[in-house]
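S.K.: I have a structure I would like to understand better, so I am pasting it below and will then ask my questions one at a time.
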Amino acid sequence: MTTTTPQPGTDRRKHGGVLSSTGLYVAVGVAALLFLLPFYLILRNSLSTDPEITGEHWKWLPSFQWGNVSELFDDQTVQFGRSLWNSTIVAVLMTLGTLLVCSLAGYGLARIPYRHANKVFYAVLATLMVPTAVTFVPSFVLVSSLGWVDTYRGLIIPGLFSGFTCFLFRQYFLGFPKELEEAARVDGLGYWGAYWRIVVPNSLNFFAAIATITFISGWNAFLWPLVIGQDPSSWTVQVALSSFMTNQTVNFHLIFMATAISILPLVFVFLFLQRWLVQGIAQTGIKG
């Protein structure tokens, strides 16, 4: 009978592997705590009073002032409930509109043969080099001349087209299998039929990824809604948050309560579309 003697190098490799795994878990745990710390502070301060938030003696647990919720929604000067509804309408419609407009533009640039297609594509890329501050005043003058101030049209329509989103769609459609579209054309479908019946159903992961990014961007928009939504009834949630800070006072407990409520839709959207978001980014070919 023969016996094998373990090699010293094997033990060292196993020991080193355990240490590296332990170090990895510790690093991930520390990173998770640092990531969750702002959310803890938001929840803790949202259920506290202003003296507890600004006081010298720190308490890890709040005093659970649930009345802050009713105080927030009962404040008629801010109309926070209306602001949540406005942000929902703006973010949802902007997401749907951006997906439709930019996907059609990207598909046309990627698939429809046109002599000036490259020139149009380069013109779209050129818009990415123009700072937003340069087009802000002309956009506001145009929206104001159309009478769209304090309206959903003024909040949504100017932001429907995104050069970067169009670029992403074009790059994605260039890698989409042409065989599927050719089979659709044999069946008598044109470009629109191939796009709507073949391309879109087989690209839902990528559409979900773009939808998530667009929804978050629309929900967090501040400067444009601040200028267009001049009446409190047309404020979005980000504009409403800024109203709690004035030259005279700062309502800390209302700011944190409003912040905690305003991030809930983003958390739900991200958790619901997380799997499609990762798959969609992977399909773009973008490497970190």
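Within each chain, counting starts at residue 1; across the structure tokens, chains are named A, B, ... in the order shown, with ligands numbered 1 upward in that order.
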Please identify all polymer residues within 9 Å of Ser162 in chain A, counting only C-alpha atoms, omitting same-chain residues fewer than 2 positions from it, and present them as a list in words.
M.R.: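 Skipping anything fewer than 2 positions along the chain leaves Thr98, Val101, Cys102, Val124, Thr127, Leu128, Gly159, Leu160, Phe164, Thr165, Cys166 and Phe167 of chain A.
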S.K.: Restrict the selected residues to all heavy atoms and save them as a CSV table (one decimal), in the first residue's frame.
M.R.:
chain,number,residue,atom,x,y,z
A,98,THR,N,-38.5,58.4,-24.8
A,98,THR,CA,-37.1,58.2,-25.2
A,98,THR,C,-36.8,56.8,-25.8
A,98,THR,O,-36.1,56.7,-26.8
A,98,THR,CB,-36.2,58.4,-23.9
A,98,THR,OG1,-36.5,59.7,-23.4
A,98,THR,CG2,-34.8,58.3,-24.3
A,101,VAL,N,-38.4,57.1,-29.5
A,101,VAL,CA,-37.7,58.0,-30.4
A,101,VAL,C,-36.3,57.5,-30.6
A,101,VAL,O,-35.8,57.4,-31.8
A,101,VAL,CB,-37.7,59.4,-29.8
A,101,VAL,CG1,-36.9,60.3,-30.7
A,101,VAL,CG2,-39.2,59.9,-29.8
A,102,CYS,N,-35.6,57.2,-29.6
A,102,CYS,CA,-34.1,56.9,-29.7
A,102,CYS,C,-33.9,55.5,-30.4
A,102,CYS,O,-33.0,55.3,-31.1
A,102,CYS,CB,-33.4,57.0,-28.4
A,102,CYS,SG,-33.3,58.7,-27.7
A,124,VAL,N,-25.4,63.6,-34.8
A,124,VAL,CA,-26.0,63.2,-33.5
A,124,VAL,C,-24.8,63.1,-32.5
A,124,VAL,O,-25.0,63.6,-31.3
A,124,VAL,CB,-26.7,61.8,-33.6
A,124,VAL,CG1,-27.1,61.3,-32.2
A,124,VAL,CG2,-27.9,61.9,-34.5
A,127,THR,N,-23.8,66.5,-31.0
A,127,THR,CA,-24.6,67.1,-30.0
A,127,THR,C,-24.2,66.7,-28.6
A,127,THR,O,-24.4,67.4,-27.6
A,127,THR,CB,-26.1,66.6,-30.1
A,127,THR,OG1,-26.2,65.2,-30.0
A,127,THR,CG2,-26.6,67.0,-31.5
A,128,LEU,N,-23.4,65.6,-28.5
A,128,LEU,CA,-22.9,65.2,-27.1
A,128,LEU,C,-21.8,66.2,-26.7
A,128,LEU,O,-21.5,66.2,-25.5
A,128,LEU,CB,-22.4,63.8,-27.2
A,128,LEU,CG,-23.4,62.7,-27.6
A,128,LEU,CD1,-22.7,61.3,-27.6
A,128,LEU,CD2,-24.5,62.7,-26.6
A,159,GLY,N,-36.9,66.8,-23.4
A,159,GLY,CA,-35.9,65.8,-23.0
A,159,GLY,C,-36.1,64.4,-23.6
A,159,GLY,O,-35.5,63.5,-23.2
A,160,LEU,N,-37.0,64.3,-24.6
A,160,LEU,CA,-37.3,63.0,-25.2
A,160,LEU,C,-36.1,62.4,-26.0
A,160,LEU,O,-35.9,61.2,-25.9
A,160,LEU,CB,-38.5,63.1,-26.1
A,160,LEU,CG,-39.9,63.3,-25.4
A,160,LEU,CD1,-41.0,63.3,-26.4
A,160,LEU,CD2,-40.1,62.2,-24.4
A,164,PHE,N,-26.8,60.3,-26.7
A,164,PHE,CA,-26.1,59.2,-26.2
A,164,PHE,C,-27.0,57.9,-26.2
A,164,PHE,O,-26.5,56.9,-26.6
A,164,PHE,CB,-25.7,59.5,-24.8
A,164,PHE,CG,-24.9,58.4,-24.1
A,164,PHE,CD1,-23.6,58.1,-24.6
A,164,PHE,CD2,-25.4,57.6,-23.1
A,164,PHE,CE1,-22.8,57.1,-24.1
A,164,PHE,CE2,-24.6,56.6,-22.5
A,164,PHE,CZ,-23.4,56.3,-23.0
A,165,THR,N,-28.2,58.0,-25.9
A,165,THR,CA,-29.1,56.9,-26.0
A,165,THR,C,-29.3,56.4,-27.4
A,165,THR,O,-29.3,55.2,-27.7
A,165,THR,CB,-30.5,57.2,-25.4
A,165,THR,OG1,-30.3,57.8,-24.1
A,165,THR,CG2,-31.4,56.0,-25.4
A,166,CYS,N,-29.4,57.4,-28.4
A,166,CYS,CA,-29.5,57.0,-29.8
A,166,CYS,C,-28.2,56.3,-30.2
A,166,CYS,O,-28.3,55.3,-30.9
A,166,CYS,CB,-29.7,58.2,-30.6
A,166,CYS,SG,-29.7,58.0,-32.4
A,167,PHE,N,-27.1,56.7,-29.7
A,167,PHE,CA,-25.8,56.0,-30.0
A,167,PHE,C,-25.8,54.6,-29.5
A,167,PHE,O,-25.3,53.7,-30.2
A,167,PHE,CB,-24.6,56.9,-29.4
A,167,PHE,CG,-23.3,56.1,-29.4
A,167,PHE,CD1,-22.6,55.9,-30.6
A,167,PHE,CD2,-22.8,55.6,-28.2
A,167,PHE,CE1,-21.4,55.3,-30.5
A,167,PHE,CE2,-21.6,54.9,-28.2
A,167,PHE,CZ,-20.9,54.8,-29.3
S.K.: From range 46-207 of chain A, collect each residue whose DSSP state is alpha helix (DSSP H) and return the set as number ranges by chain.
M.R.: A: 46, 50-54, 67-74, 80-111, 117-127, 132-145, 152-156, 163-174, 178-186, 191-194, 204-207
S.K.: Please measure the separation of CA of Phe169 in chain A and CA of Ala91 in chain A, giving the value in Å to one decimal.
M.R.: 19.8 Å
S.K.: Show me a table, sorted first by chain and then by increasing residue number, of the residues of range 133-204 of chain A having an atom at most 8 Å from range 76-90 of chain A, each with its shortest atom pair and the distance in Å to one decimal, counting only C-alpha atoms and written as a tab-separated table.
M.R.:
residue	atom	partner	partner_atom	distance
A:Tyr152	CA	A:Val90	CA	6.9
A:Leu155	CA	A:Val90	CA	6.9
A:Ile156	CA	A:Val90	CA	5.9
S.K.: Could you please determine the separation between CA of Phe215 in chain A and CA of Pro265 in chain A in Å, to one decimal place?
M.R.: 9.9 Å
S.K.: Can you list, as an MDAnalysis selection string, every protein, DNA or RNA residue that comes within 12 Å of range 25-39 of chain A when you count only C-alpha atoms, leaving out same-chain residues fewer than 6 positions away?
M.R.: chainID A and resid 18:19 45:46 60 256:257 259:261 263:264 267
S.K.: Please, could you write that set of residues out with all heavy atoms as an mmCIF file, in the first residue's frame?
M.R.:
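This is the output file again_29.cif:
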data_model
loop_
_atom_site.group_PDB
_atom_site.id
_atom_site.type_symbol
_atom_site.label_atom_id
_atom_site.label_comp_id
_atom_site.auth_asym_id
_atom_site.auth_seq_id
_atom_site.Cartn_x
_atom_site.Cartn_y
_atom_site.Cartn_z
ATOM 1 N N VAL A 18 -7.742 30.638 1.599
ATOM 2 C CA VAL A 18 -8.686 30.958 2.671
ATOM 3 C C VAL A 18 -8.522 32.406 3.112
ATOM 4 O O VAL A 18 -9.505 33.141 3.318
ATOM 5 C CB VAL A 18 -8.494 29.995 3.854
ATOM 6 C CG1 VAL A 18 -9.342 30.439 5.043
ATOM 7 C CG2 VAL A 18 -8.859 28.571 3.454
ATOM 8 N N LEU A 19 -7.273 32.836 3.247
ATOM 9 C CA LEU A 19 -7.034 34.220 3.667
ATOM 10 C C LEU A 19 -7.539 35.213 2.626
ATOM 11 O O LEU A 19 -8.131 36.243 2.973
ATOM 12 C CB LEU A 19 -5.540 34.433 3.915
ATOM 13 C CG LEU A 19 -4.950 33.735 5.147
ATOM 14 C CD1 LEU A 19 -3.457 34.006 5.249
ATOM 15 C CD2 LEU A 19 -5.651 34.199 6.413
ATOM 16 N N ASN A 45 -32.860 60.123 10.498
ATOM 17 C CA ASN A 45 -33.209 61.535 10.639
ATOM 18 C C ASN A 45 -34.647 61.818 10.226
ATOM 19 O O ASN A 45 -35.251 62.778 10.715
ATOM 20 C CB ASN A 45 -32.258 62.392 9.799
ATOM 21 C CG ASN A 45 -30.830 62.345 10.318
ATOM 22 O OD1 ASN A 45 -30.588 62.033 11.475
ATOM 23 N ND2 ASN A 45 -29.883 62.650 9.453
ATOM 24 N N SER A 46 -35.198 61.008 9.325
ATOM 25 C CA SER A 46 -36.576 61.245 8.901
ATOM 26 C C SER A 46 -37.573 60.950 10.012
ATOM 27 O O SER A 46 -38.688 61.482 9.997
ATOM 28 C CB SER A 46 -36.898 60.382 7.681
ATOM 29 O OG SER A 46 -36.860 59.000 8.016
ATOM 30 N N TRP A 60 -28.277 56.407 18.086
ATOM 31 C CA TRP A 60 -28.308 55.530 16.922
ATOM 32 C C TRP A 60 -29.729 55.251 16.458
ATOM 33 O O TRP A 60 -29.989 55.125 15.269
ATOM 34 C CB TRP A 60 -27.594 54.221 17.236
ATOM 35 C CG TRP A 60 -26.112 54.375 17.348
ATOM 36 C CD1 TRP A 60 -25.379 54.488 18.484
ATOM 37 C CD2 TRP A 60 -25.194 54.478 16.263
ATOM 38 N NE1 TRP A 60 -24.057 54.658 18.188
ATOM 39 C CE2 TRP A 60 -23.903 54.642 16.825
ATOM 40 C CE3 TRP A 60 -25.321 54.451 14.878
ATOM 41 C CZ2 TRP A 60 -22.755 54.775 16.052
ATOM 42 C CZ3 TRP A 60 -24.179 54.575 14.101
ATOM 43 C CH2 TRP A 60 -22.926 54.738 14.679
ATOM 44 N N PHE A 256 -35.447 65.154 5.330
ATOM 45 C CA PHE A 256 -35.065 63.744 5.351
ATOM 46 C C PHE A 256 -36.271 62.833 5.121
ATOM 47 O O PHE A 256 -36.134 61.788 4.467
ATOM 48 C CB PHE A 256 -34.385 63.406 6.684
ATOM 49 C CG PHE A 256 -32.975 63.884 6.773
ATOM 50 C CD1 PHE A 256 -32.641 64.994 7.524
ATOM 51 C CD2 PHE A 256 -31.961 63.216 6.098
ATOM 52 C CE1 PHE A 256 -31.324 65.434 7.607
ATOM 53 C CE2 PHE A 256 -30.650 63.645 6.166
ATOM 54 C CZ PHE A 256 -30.324 64.763 6.922
ATOM 55 N N MET A 257 -37.435 63.193 5.633
ATOM 56 C CA MET A 257 -38.626 62.380 5.379
ATOM 57 C C MET A 257 -38.995 62.416 3.900
ATOM 58 O O MET A 257 -39.320 61.376 3.297
ATOM 59 C CB MET A 257 -39.793 62.885 6.235
ATOM 60 C CG MET A 257 -41.100 62.126 5.996
ATOM 61 S SD MET A 257 -40.964 60.340 6.269
ATOM 62 C CE MET A 257 -40.769 60.308 8.056
ATOM 63 N N THR A 259 -36.962 62.995 1.453
ATOM 64 C CA THR A 259 -35.915 62.261 0.733
ATOM 65 C C THR A 259 -36.143 60.757 0.823
ATOM 66 O O THR A 259 -36.007 60.033 -0.176
ATOM 67 C CB THR A 259 -34.534 62.609 1.305
ATOM 68 O OG1 THR A 259 -34.316 64.016 1.221
ATOM 69 C CG2 THR A 259 -33.434 61.877 0.550
ATOM 70 N N ALA A 260 -36.491 60.282 2.022
ATOM 71 C CA ALA A 260 -36.739 58.845 2.193
ATOM 72 C C ALA A 260 -37.893 58.368 1.322
ATOM 73 O O ALA A 260 -37.831 57.284 0.720
ATOM 74 C CB ALA A 260 -37.020 58.540 3.667
ATOM 75 N N ILE A 261 -38.938 59.160 1.223
ATOM 76 C CA ILE A 261 -40.085 58.767 0.404
ATOM 77 C C ILE A 261 -39.758 58.868 -1.082
ATOM 78 O O ILE A 261 -40.172 58.020 -1.888
ATOM 79 C CB ILE A 261 -41.302 59.639 0.756
ATOM 80 C CG1 ILE A 261 -41.736 59.361 2.202
ATOM 81 C CG2 ILE A 261 -42.461 59.385 -0.200
ATOM 82 C CD1 ILE A 261 -42.861 60.256 2.686
ATOM 83 N N ILE A 263 -36.951 58.391 -2.655
ATOM 84 C CA ILE A 263 -36.042 57.378 -3.205
ATOM 85 C C ILE A 263 -36.696 56.002 -3.294
ATOM 86 O O ILE A 263 -36.145 55.102 -3.939
ATOM 87 C CB ILE A 263 -34.745 57.268 -2.377
ATOM 88 C CG1 ILE A 263 -35.039 56.765 -0.963
ATOM 89 C CG2 ILE A 263 -34.007 58.582 -2.355
ATOM 90 C CD1 ILE A 263 -33.790 56.551 -0.128
ATOM 91 N N LEU A 264 -37.860 55.829 -2.701
ATOM 92 C CA LEU A 264 -38.520 54.522 -2.750
ATOM 93 C C LEU A 264 -38.847 54.084 -4.178
ATOM 94 O O LEU A 264 -38.596 52.919 -4.537
ATOM 95 C CB LEU A 264 -39.783 54.545 -1.888
ATOM 96 C CG LEU A 264 -39.575 54.564 -0.367
ATOM 97 C CD1 LEU A 264 -40.919 54.614 0.348
ATOM 98 C CD2 LEU A 264 -38.783 53.344 0.083
ATOM 99 N N VAL A 267 -35.716 52.762 -5.797
ATOM 100 C CA VAL A 267 -35.303 51.465 -5.256
ATOM 101 C C VAL A 267 -36.149 50.348 -5.857
ATOM 102 O O VAL A 267 -35.629 49.299 -6.264
ATOM 103 C CB VAL A 267 -35.416 51.468 -3.711
ATOM 104 C CG1 VAL A 267 -35.153 50.072 -3.153
ATOM 105 C CG2 VAL A 267 -34.433 52.464 -3.105
#
S.K.: Near Leu180 in chain A, within 10 Å and counting only C-alpha atoms, which residues show up once chain neighbours fewer than 2 positions away are dropped, as number ranges by chain?
M.R.: A: 176-178, 182-185, 194, 198-199, 202
S.K.: Next, dump the selected residues to file, keeping only N, CA, C and O atoms, as a PDB file, in the first residue's frame.
M.R.:
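Written file, selection13.pdb:
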ATOM      1  N   PHE A 176     -27.170  43.147 -33.781  1.00  0.00           N
ATOM      2  CA  PHE A 176     -28.353  42.284 -33.783  1.00  0.00           C
ATOM      3  C   PHE A 176     -28.303  41.359 -35.007  1.00  0.00           C
ATOM      4  O   PHE A 176     -27.940  41.793 -36.105  1.00  0.00           O
ATOM      5  N   PRO A 177     -28.649  40.080 -34.862  1.00  0.00           N
ATOM      6  CA  PRO A 177     -28.569  39.133 -35.996  1.00  0.00           C
ATOM      7  C   PRO A 177     -29.427  39.575 -37.175  1.00  0.00           C
ATOM      8  O   PRO A 177     -30.660  39.708 -37.070  1.00  0.00           O
ATOM      9  N   LYS A 178     -28.797  39.769 -38.323  1.00  0.00           N
ATOM     10  CA  LYS A 178     -29.529  40.184 -39.516  1.00  0.00           C
ATOM     11  C   LYS A 178     -30.397  39.064 -40.075  1.00  0.00           C
ATOM     12  O   LYS A 178     -31.369  39.328 -40.807  1.00  0.00           O
ATOM     13  N   GLU A 182     -33.960  39.348 -42.037  1.00  0.00           N
ATOM     14  CA  GLU A 182     -34.109  38.881 -43.411  1.00  0.00           C
ATOM     15  C   GLU A 182     -35.239  37.872 -43.535  1.00  0.00           C
ATOM     16  O   GLU A 182     -35.998  37.872 -44.518  1.00  0.00           O
ATOM     17  N   ALA A 183     -35.374  37.013 -42.521  1.00  0.00           N
ATOM     18  CA  ALA A 183     -36.495  36.071 -42.526  1.00  0.00           C
ATOM     19  C   ALA A 183     -37.826  36.807 -42.431  1.00  0.00           C
ATOM     20  O   ALA A 183     -38.827  36.410 -43.050  1.00  0.00           O
ATOM     21  N   ALA A 184     -37.860  37.914 -41.673  1.00  0.00           N
ATOM     22  CA  ALA A 184     -39.092  38.693 -41.563  1.00  0.00           C
ATOM     23  C   ALA A 184     -39.436  39.360 -42.881  1.00  0.00           C
ATOM     24  O   ALA A 184     -40.617  39.453 -43.260  1.00  0.00           O
ATOM     25  N   ARG A 185     -38.431  39.810 -43.618  1.00  0.00           N
ATOM     26  CA  ARG A 185     -38.699  40.444 -44.909  1.00  0.00           C
ATOM     27  C   ARG A 185     -39.190  39.421 -45.940  1.00  0.00           C
ATOM     28  O   ARG A 185     -39.972  39.760 -46.832  1.00  0.00           O
ATOM     29  N   ALA A 194     -40.361  44.599 -39.160  1.00  0.00           N
ATOM     30  CA  ALA A 194     -39.224  43.863 -38.607  1.00  0.00           C
ATOM     31  C   ALA A 194     -38.797  44.450 -37.272  1.00  0.00           C
ATOM     32  O   ALA A 194     -38.451  43.711 -36.333  1.00  0.00           O
ATOM     33  N   ILE A 198     -39.938  41.769 -34.607  1.00  0.00           N
ATOM     34  CA  ILE A 198     -38.766  40.898 -34.458  1.00  0.00           C
ATOM     35  C   ILE A 198     -37.715  41.502 -33.527  1.00  0.00           C
ATOM     36  O   ILE A 198     -37.276  40.868 -32.561  1.00  0.00           O
ATOM     37  N   VAL A 199     -37.329  42.734 -33.793  1.00  0.00           N
ATOM     38  CA  VAL A 199     -36.215  43.340 -33.064  1.00  0.00           C
ATOM     39  C   VAL A 199     -36.600  43.646 -31.618  1.00  0.00           C
ATOM     40  O   VAL A 199     -35.895  43.267 -30.682  1.00  0.00           O
ATOM     41  N   ASN A 202     -37.063  40.686 -29.142  1.00  0.00           N
ATOM     42  CA  ASN A 202     -35.800  40.007 -28.858  1.00  0.00           C
ATOM     43  C   ASN A 202     -34.755  40.927 -28.247  1.00  0.00           C
ATOM     44  O   ASN A 202     -33.585  40.528 -28.103  1.00  0.00           O
TER      45      ASN A 202
END
S.K.: When you look at Gln238 in chain A with a cut-off of 8 Å (counting only C-alpha atoms), what residues show up, excluding the ones that are within fewer than 5 positions of it in the same chain? I need them as a list in words.
M.R.: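 The residues that qualify are Trp219, Asn220, Ala221 and Phe222 of chain A.
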S.K.: Report, in Å to a single decimal, how far apart CA of Ile228 in chain A and CA of Asp150 in chain A are.
M.R.: 5.7 Å
